[in-house]
$ cat entry01.tsv   # TSV, C-alpha atoms
chain	number	residue	atom	x	y	z
A	182	MET	CA	75.84	124.94	-41.76
A	183	THR	CA	72.35	125.27	-43.22
A	184	VAL	CA	70.51	122.18	-44.45
A	185	THR	CA	70.07	122.39	-48.22
A	186	PRO	CA	66.84	121.30	-49.98
A	187	ASP	CA	68.65	118.19	-51.25
A	188	ASP	CA	69.72	117.29	-47.72
A	189	ASP	CA	66.19	117.87	-46.45
A	190	PHE	CA	64.85	115.47	-49.12
A	191	ALA	CA	67.52	112.98	-48.08
A	192	ALA	CA	66.53	113.40	-44.42
A	193	ALA	CA	62.89	112.69	-45.34
A	194	GLU	CA	63.88	109.56	-47.26
A	195	TYR	CA	66.09	108.46	-44.37
A	196	ALA	CA	63.11	108.76	-42.00
A	197	LEU	CA	60.85	106.95	-44.49
A	198	GLY	CA	63.41	104.19	-45.05
A	199	THR	CA	63.47	104.58	-48.83
A	200	LEU	CA	67.23	105.17	-49.27
A	201	ASP	CA	69.36	102.35	-50.66
A	202	PRO	CA	71.90	100.84	-48.19
A	203	ALA	CA	74.87	102.85	-49.50
A	204	GLU	CA	73.02	106.17	-49.38
A	205	ARG	CA	71.66	105.41	-45.93
A	206	ALA	CA	75.13	104.54	-44.61
A	207	THR	CA	76.55	107.77	-46.04
A	208	LEU	CA	73.78	109.86	-44.48
A	209	ALA	CA	74.13	108.04	-41.15
A	210	ALA	CA	77.83	108.93	-41.09
A	211	ARG	CA	77.12	112.56	-42.00
A	212	ARG	CA	74.49	113.02	-39.30
A	213	LEU	CA	77.11	112.14	-36.67
A	214	ARG	CA	79.25	115.13	-37.63
A	215	GLU	CA	76.54	117.50	-38.93
A	216	PRO	CA	74.12	118.52	-36.13
A	217	GLU	CA	71.81	120.39	-38.55
A	218	LEU	CA	71.36	117.29	-40.71
A	219	ASP	CA	70.75	115.16	-37.64
A	220	GLN	CA	68.12	117.65	-36.49
A	221	ALA	CA	66.42	117.54	-39.92
A	222	ILE	CA	66.25	113.73	-39.77
A	223	ARG	CA	64.83	113.84	-36.24
A	224	ALA	CA	62.23	116.40	-37.34
A	225	TRP	CA	61.05	114.13	-40.18
A	226	GLU	CA	60.95	111.13	-37.83
A	227	ALA	CA	58.79	113.14	-35.41
A	228	ARG	CA	56.39	114.14	-38.21
A	229	LEU	CA	56.00	110.54	-39.38
A	230	ALA	CA	55.92	108.88	-35.95
A	231	PRO	CA	52.10	109.05	-35.46
A	232	LEU	CA	51.61	106.72	-38.43
A	233	ALA	CA	53.92	104.03	-37.07
A	234	GLU	CA	51.18	102.26	-35.14
A	235	ALA	CA	48.07	103.66	-36.79
A	236	THR	CA	48.51	102.77	-40.44
A	237	PRO	CA	49.88	99.89	-42.48
A	238	GLU	CA	53.22	100.25	-44.24
A	239	ILE	CA	52.91	102.41	-47.36
A	240	GLU	CA	54.62	101.07	-50.46
A	241	PRO	CA	55.56	103.40	-53.33
A	242	PRO	CA	54.04	102.71	-56.76
A	243	ARG	CA	56.76	100.25	-57.89
A	244	ASP	CA	55.35	99.59	-61.35
A	245	LEU	CA	55.52	103.23	-62.37
A	246	LEU	CA	58.89	103.74	-60.68
A	247	ALA	CA	60.36	100.70	-62.47
A	248	ALA	CA	59.19	102.04	-65.84
A	249	ILE	CA	60.82	105.41	-65.21
A	250	GLU	CA	64.09	103.84	-64.06
A	251	GLY	CA	64.03	101.54	-67.10
A	252	ARG	CA	63.86	104.55	-69.40
A	253	ILE	CA	66.72	106.17	-67.51
A	254	ARG	CA	68.91	103.07	-67.92
A	255	ALA	CA	68.03	102.84	-71.62
A	256	GLY	CA	68.97	106.49	-72.11
A	257	SER	CA	72.22	105.95	-70.24
A	258	ALA	CA	73.24	102.98	-72.41
A	259	ALA	CA	72.47	104.84	-75.64
A	260	ALA	CA	74.36	107.99	-74.67
A	261	ALA	CA	78.04	107.95	-75.66
A	262	PRO	CA	79.41	111.15	-74.13
A	263	PRO	CA	80.47	110.88	-70.46
A	264	ALA	CA	78.33	113.94	-69.72
A	265	ALA	CA	75.28	111.67	-70.07
A	266	ASP	CA	76.19	110.05	-66.76
A	267	SER	CA	75.58	113.32	-64.95
A	268	SER	CA	72.22	113.64	-66.72
A	269	VAL	CA	71.24	110.20	-65.48
A	270	VAL	CA	72.24	111.18	-61.95
A	271	VAL	CA	70.05	114.28	-62.22
A	272	LEU	CA	67.15	112.20	-63.52
A	273	ARG	CA	67.60	109.67	-60.74
A	274	ARG	CA	67.56	112.48	-58.21
A	275	SER	CA	64.34	113.75	-59.80
A	276	VAL	CA	62.78	110.29	-59.49
A	277	THR	CA	63.91	110.10	-55.87
A	278	ARG	CA	62.43	113.50	-55.12
A	279	TRP	CA	59.20	112.55	-56.86
A	280	ARG	CA	59.03	109.35	-54.86
A	281	THR	CA	59.72	111.17	-51.58
A	282	ALA	CA	57.15	113.85	-52.33
A	283	ALA	CA	54.53	111.27	-53.27
A	284	ILE	CA	55.10	109.23	-50.11
A	285	ALA	CA	55.19	112.36	-47.94
A	286	ALA	CA	51.88	113.53	-49.43
A	287	THR	CA	50.35	110.14	-48.68
A	288	VAL	CA	51.66	110.28	-45.12
A	289	ILE	CA	50.27	113.77	-44.56
A	290	ALA	CA	46.88	112.70	-45.93
A	291	GLY	CA	46.96	109.73	-43.59
A	292	LEU	CA	47.74	111.93	-40.60
A	293	LEU	CA	44.86	114.24	-41.46
A	294	ALA	CA	42.50	111.29	-41.82
A	295	ILE	CA	43.59	109.85	-38.48
A	296	GLY	CA	43.11	113.22	-36.80
A	297	LEU	CA	39.63	113.60	-38.31
A	298	ILE	CA	38.60	110.08	-37.25
A	299	ALA	CA	39.91	110.66	-33.72
A	300	ARG	CA	38.03	113.94	-33.47
A	301	GLU	CA	34.77	112.43	-34.70
A	302	THR	CA	35.18	109.42	-32.38
A	303	THR	CA	35.67	111.77	-29.43
A	304	ARG	CA	32.62	113.78	-30.43
A	305	GLU	CA	30.52	110.63	-30.71
A	306	ALA	CA	31.62	109.60	-27.20
A	307	LEU	CA	30.44	112.84	-25.56
A	308	PRO	CA	27.01	112.60	-23.87
A	309	ARG	CA	24.40	114.67	-25.67
A	310	GLU	CA	21.22	114.13	-23.71
A	311	TYR	CA	20.98	115.14	-20.04
A	312	VAL	CA	18.10	115.11	-17.59
A	313	ALA	CA	17.48	116.69	-14.19
A	314	ILE	CA	14.66	115.91	-11.79
A	315	LEU	CA	13.75	119.00	-9.80
A	316	GLN	CA	12.38	118.22	-6.38
A	317	LYS	CA	12.44	119.32	-2.75
A	318	ASP	CA	14.49	117.09	-0.48
A	319	ALA	CA	13.26	113.52	-1.02
A	320	ALA	CA	9.76	114.52	-2.03
A	321	SER	CA	8.11	113.43	-5.26
A	322	PRO	CA	9.61	114.84	-8.48
A	323	ALA	CA	8.09	118.23	-9.29
A	324	PHE	CA	9.61	118.96	-12.73
A	325	GLU	CA	11.68	117.11	-15.31
A	326	VAL	CA	14.31	119.11	-17.20
A	327	THR	CA	15.82	117.63	-20.37
A	328	VAL	CA	18.77	119.22	-22.18
A	329	ASN	CA	20.32	118.48	-25.57
A	330	LEU	CA	23.84	119.91	-25.36
A	331	ASP	CA	24.48	119.75	-29.10
A	332	ARG	CA	21.53	122.03	-29.86
A	333	ARG	CA	21.61	123.85	-26.48
A	334	GLU	CA	17.90	123.17	-26.12
A	335	LEU	CA	16.08	122.70	-22.82
A	336	THR	CA	12.60	121.37	-22.19
A	337	VAL	CA	10.88	121.40	-18.82
A	338	ARG	CA	7.86	119.24	-18.03
A	339	PRO	CA	5.68	119.40	-14.92
A	340	VAL	CA	5.53	116.05	-13.12
A	341	ALA	CA	3.75	116.48	-9.80
A	342	ALA	CA	4.04	120.20	-9.13
A	343	GLN	CA	0.85	122.20	-8.57
A	344	THR	CA	1.08	125.94	-9.12
A	345	PRO	CA	0.00	127.88	-6.00
A	346	PRO	CA	-3.11	130.04	-6.56
A	347	GLY	CA	-2.26	133.50	-7.82
A	348	LYS	CA	1.41	132.59	-8.29
A	349	ALA	CA	3.70	131.24	-10.99
A	350	TYR	CA	6.70	128.94	-11.11
A	351	GLU	CA	9.88	130.30	-12.74
A	352	LEU	CA	12.91	128.25	-13.84
A	353	TRP	CA	16.48	129.48	-13.23
A	354	ILE	CA	19.96	128.38	-14.22
A	355	ILE	CA	22.49	128.90	-11.42
A	356	ASP	CA	26.27	128.74	-11.78
A	357	PRO	CA	29.06	130.80	-10.16
A	358	ARG	CA	30.42	131.66	-13.61
A	359	LEU	CA	27.16	133.43	-14.42
A	360	GLY	CA	27.03	135.59	-11.32
A	361	ALA	CA	23.36	136.04	-10.40
A	362	PRO	CA	20.82	133.33	-11.35
A	363	ARG	CA	19.51	133.66	-14.91
A	364	SER	CA	15.83	133.18	-15.70
A	365	LEU	CA	14.83	130.50	-18.20
A	366	GLY	CA	11.19	131.58	-18.15
A	367	VAL	CA	7.91	130.96	-16.40
A	368	ILE	CA	6.72	127.36	-16.27
A	369	GLY	CA	3.11	126.61	-17.11
A	370	ASP	CA	1.11	123.40	-16.83
A	371	THR	CA	2.50	121.98	-20.08
A	372	THR	CA	5.93	121.21	-21.48
A	373	ARG	CA	7.84	124.30	-22.59
A	374	ALA	CA	11.22	124.88	-24.23
A	375	ALA	CA	14.09	127.26	-23.62
A	376	ASN	CA	17.14	128.09	-25.72
A	377	LEU	CA	20.54	127.86	-24.01
A	378	ALA	CA	22.67	129.05	-26.94
A	379	ALA	CA	23.95	131.97	-24.86
A	380	TYR	CA	25.60	129.62	-22.36
A	381	ASP	CA	28.81	127.62	-22.60
A	382	ARG	CA	28.50	123.82	-22.72
A	383	ALA	CA	30.39	123.42	-19.43
A	384	VAL	CA	28.04	125.88	-17.71
A	385	VAL	CA	24.92	124.17	-19.05
A	386	GLU	CA	26.23	120.74	-18.08
A	387	ASN	CA	27.28	121.60	-14.51
A	388	ALA	CA	24.77	124.26	-13.48
A	389	THR	CA	22.05	123.88	-10.87
A	390	TYR	CA	18.50	124.23	-12.17
A	391	ALA	CA	16.00	125.69	-9.72
A	392	VAL	CA	12.36	126.72	-9.53
A	393	THR	CA	11.03	129.59	-7.44
A	394	VAL	CA	7.53	130.81	-6.67
A	395	GLU	CA	6.94	134.19	-8.30
A	396	PRO	CA	4.10	136.61	-9.08
A	397	PRO	CA	2.12	135.85	-12.25
A	398	GLY	CA	4.32	136.58	-15.27
A	399	GLY	CA	7.55	135.95	-13.38
A	400	SER	CA	9.91	137.88	-11.11
A	401	PRO	CA	9.51	141.65	-11.62
A	402	SER	CA	13.14	142.29	-10.63
A	403	GLY	CA	14.76	139.70	-12.92
A	404	THR	CA	16.17	137.85	-9.90
A	405	PRO	CA	14.51	135.21	-7.70
A	406	SER	CA	12.01	136.68	-5.23
A	407	GLY	CA	12.73	133.96	-2.72
A	408	PRO	CA	14.66	130.73	-2.16
A	409	PRO	CA	14.21	127.86	-4.62
A	410	VAL	CA	11.46	125.38	-3.84
A	411	PHE	CA	12.69	122.71	-6.27
A	412	VAL	CA	16.29	122.08	-7.39
A	413	GLY	CA	18.24	119.52	-9.41
A	414	LYS	CA	21.35	118.92	-11.50
A	415	LEU	CA	21.78	117.31	-14.91
A	416	ILE	CA	22.96	113.74	-15.34
A	417	PRO	CA	23.84	112.12	-18.71
A	418	VAL	CA	21.27	109.69	-20.07
A	419	GLY	CA	22.70	108.82	-23.50
A	420	PRO	CA	25.39	109.50	-26.13

$ encode --input "entry01.tsv" --output "structure tokens"
Amino acid sequence: MTVTPDDDFAAAEYALGTLDPAERATLAARRLREPELDQAIRAWEARLAPLAEATPEIEPPRDLLAAIEGRIRAGSAAAAPPAADSSVVVLRRSVTRWRTAAIAATVIAGLLAIGLIARETTREALPREYVAILQKDAASPAFEVTVNLDRRELTVRPVAAQTPPGKAYELWIIDPRLGAPRSLGVIGDTTRAANLAAYDRAVVENATYAVTVEPPGGSPSGTPSGPPVFVGKLIPVGP
């Protein structure tokens, strides 16, 4: 059989725990012999499960619900024809559906809020500032490379390196995913910046940064003219 909209509402209320004892017992008996209804209840329980430990219990707006039910009872007492009883049942079902929809909307909003908070918390925990000290073996640091991963910005600052006469230093980013080394520009005697927007965060974070000695103006071929003289890798220095 196919689960009707009324049964789906009932399944949602069963999962939320808003059915009265008699209705809950009836639905519990039905789910034992109706696999589709049992599956609908399980689906609602799965949707609502993430809130079980993350949010306080949500109570429906009892004051407004009591006022509506009071009007229903008053209308039932004033109505003489037996047909009024069916009208009251319909109204009660409408109230139940309204209550279920209101609670479900609150639950969905809560789930979205929890997901947003979790995402922002994870983002805050990721390191943003990285630094690499480029040097040869255990010699004195030659260059300092600083990278902000959020903005994909790199700055390189000479520390103790002295440019050979008639030559220039050129900075490269090296990673197997890039193929050949990629130039990040010629390094002068002052701090300079480079934009890394073209590179994936994982590449920027895990690449090797190297400096080679090149002709003035940089490598004419677009690839290193010789082996690196200074190398280093990024390490996180702050959130």

$ atom_distance --input "entry01.tsv" --atom1 "atom CA of Asp189 of chain A" --atom2 "atom CA of Ala221 of chain A"
6.5 Å

$ closest_residue --input "entry01.tsv" --among "A:Pro417, A:Pro357, A:Gly198, A:Gly399" --to "Asn329 of chain A" --atoms "only C-alpha atoms"
A:Pro417

$ atom_distance --input "entry01.tsv" --atom1 "atom CA of Thr336 of chain A" --atom2 "atom CA of Arg373 of chain A"
5.6 Å

$ residues_near_point --input "entry01.tsv" --point "(18.7, 121.9, -2.5)" --cutoff "8 Å" --atoms "all atoms listed in the file" --output "PDB file with C-alpha atoms, in the coordinates of the input"
ATOM      1  CA  LYS A 317      12.440 119.320  -2.750  1.00  0.00           C
ATOM      2  CA  ASP A 318      14.490 117.090  -0.480  1.00  0.00           C
ATOM      3  CA  PRO A 409      14.210 127.860  -4.620  1.00  0.00           C
ATOM      4  CA  PHE A 411      12.690 122.710  -6.270  1.00  0.00           C
ATOM      5  CA  VAL A 412      16.290 122.080  -7.390  1.00  0.00           C
ATOM      6  CA  GLY A 413      18.240 119.520  -9.410  1.00  0.00           C
TER       7      GLY A 413
END

$ residues_near_point --input "entry01.tsv" --point "(12.5, 133.9, -5.0)" --cutoff "10 Å" --atoms "only C-alpha atoms" --output "PyMOL selection string"
chain A and resi 350-351+392-396+399-400+404-410

$ atom_distance --input "entry01.tsv" --atom1 "atom CA of Ala375 of chain A" --atom2 "atom CA of Lys348 of chain A"
20.6 Å

$ residues_around --input "entry01.tsv" --residues "Ile416 of chain A" --least-positions-apart "3" --cutoff "7 Å" --atoms "all atoms listed in the file" --output "PyMOL selection string"
chain A and resi 311-313

$ write_last_selection --input "entry01.tsv" --atoms "C-alpha atoms" --output "PDB file, keeping the file's coordinate frame"
ATOM      1  CA  TYR A 311      20.980 115.140 -20.040  1.00  0.00           C
ATOM      2  CA  VAL A 312      18.100 115.110 -17.590  1.00  0.00           C
ATOM      3  CA  ALA A 313      17.480 116.690 -14.190  1.00  0.00           C
TER       4      ALA A 313
END

$ closest_residue --input "entry01.tsv" --among "A:Tyr195, A:Trp353, A:Phe190, A:Tyr380" --to "Lys414 of chain A" --atoms "all atoms listed in the file"
A:Trp353

$ closest_residue --input "entry01.tsv" --among "A:Ala227, A:Ala210, A:Leu352, A:Ala374" --to "Ala193 of chain A" --atoms "all atoms listed in the file"
A:Ala227

$ residues_around --input "entry01.tsv" --residues "Ala209 of chain A" --least-positions-apart "4" --cutoff "9 Å" --atoms "only C-alpha atoms" --output "ChimeraX atom specification"
/A:195,204-205,213,219

$ closest_residue --input "entry01.tsv" --among "A:Val340, A:Ala230, A:Ala388, A:Glu217" --to "Gly360 of chain A" --atoms "all atoms listed in the file"
A:Ala388

$ closest_residue --input "entry01.tsv" --among "A:Leu415, A:Val184, A:Leu208, A:Ala224" --to "Ile314 of chain A" --atoms "all atoms listed in the file"
A:Leu415

$ closest_residue --input "entry01.tsv" --among "A:Val326, A:Leu218, A:Leu315, A:Ala196" --to "Thr372 of chain A" --atoms "all atoms listed in the file"
A:Val326

$ decode --input "entry01.tsv" --residues "segment 392-408 of chain A" --atoms "N, CA and C atoms" --output "tab-separated table (two decimals), in the first residue's frame"
chain	number	residue	atom	x	y	z
A	392	VAL	N	63.78	28.81	-4.62
A	392	VAL	CA	64.39	29.97	-5.27
A	392	VAL	C	65.56	29.49	-6.12
A	393	THR	N	65.59	29.98	-7.35
A	393	THR	CA	66.72	29.67	-8.24
A	393	THR	C	67.44	30.96	-8.64
A	394	VAL	N	68.66	30.79	-9.11
A	394	VAL	CA	69.43	31.92	-9.63
A	394	VAL	C	69.19	32.00	-11.14
A	395	GLU	N	68.73	33.15	-11.59
A	395	GLU	CA	68.35	33.32	-12.99
A	395	GLU	C	69.00	34.58	-13.57
A	396	PRO	N	68.92	34.73	-14.91
A	396	PRO	CA	69.39	35.99	-15.51
A	396	PRO	C	68.51	37.15	-15.04
A	397	PRO	N	68.97	38.38	-15.15
A	397	PRO	CA	68.15	39.52	-14.77
A	397	PRO	C	66.79	39.48	-15.49
A	398	GLY	N	65.71	39.70	-14.74
A	398	GLY	CA	64.39	39.64	-15.33
A	398	GLY	C	63.73	38.29	-15.22
A	399	GLY	N	64.49	37.27	-14.80
A	399	GLY	CA	63.91	35.95	-14.61
A	399	GLY	C	64.27	34.97	-15.71
A	400	SER	N	63.85	33.73	-15.54
A	400	SER	CA	64.16	32.65	-16.48
A	400	SER	C	63.56	32.96	-17.86
A	401	PRO	N	64.36	32.93	-18.91
A	401	PRO	CA	63.83	33.21	-20.26
A	401	PRO	C	62.95	32.09	-20.79
A	402	SER	N	63.10	30.88	-20.25
A	402	SER	CA	62.34	29.73	-20.76
A	402	SER	C	61.04	29.48	-20.00
A	403	GLY	N	60.84	30.16	-18.87
A	403	GLY	CA	59.65	29.92	-18.05
A	403	GLY	C	59.79	28.74	-17.12
A	404	THR	N	60.95	28.08	-17.13
A	404	THR	CA	61.25	26.99	-16.21
A	404	THR	C	62.59	27.28	-15.55
A	405	PRO	N	62.85	26.69	-14.39
A	405	PRO	CA	64.12	26.98	-13.70
A	405	PRO	C	65.33	26.68	-14.58
A	406	SER	N	66.31	27.59	-14.55
A	406	SER	CA	67.54	27.40	-15.34
A	406	SER	C	68.50	26.43	-14.66
A	407	GLY	N	68.31	26.23	-13.39
A	407	GLY	CA	69.19	25.33	-12.65
A	407	GLY	C	68.49	24.83	-11.40
A	408	PRO	N	69.19	24.06	-10.57
A	408	PRO	CA	68.58	23.53	-9.35
A	408	PRO	C	68.31	24.64	-8.34
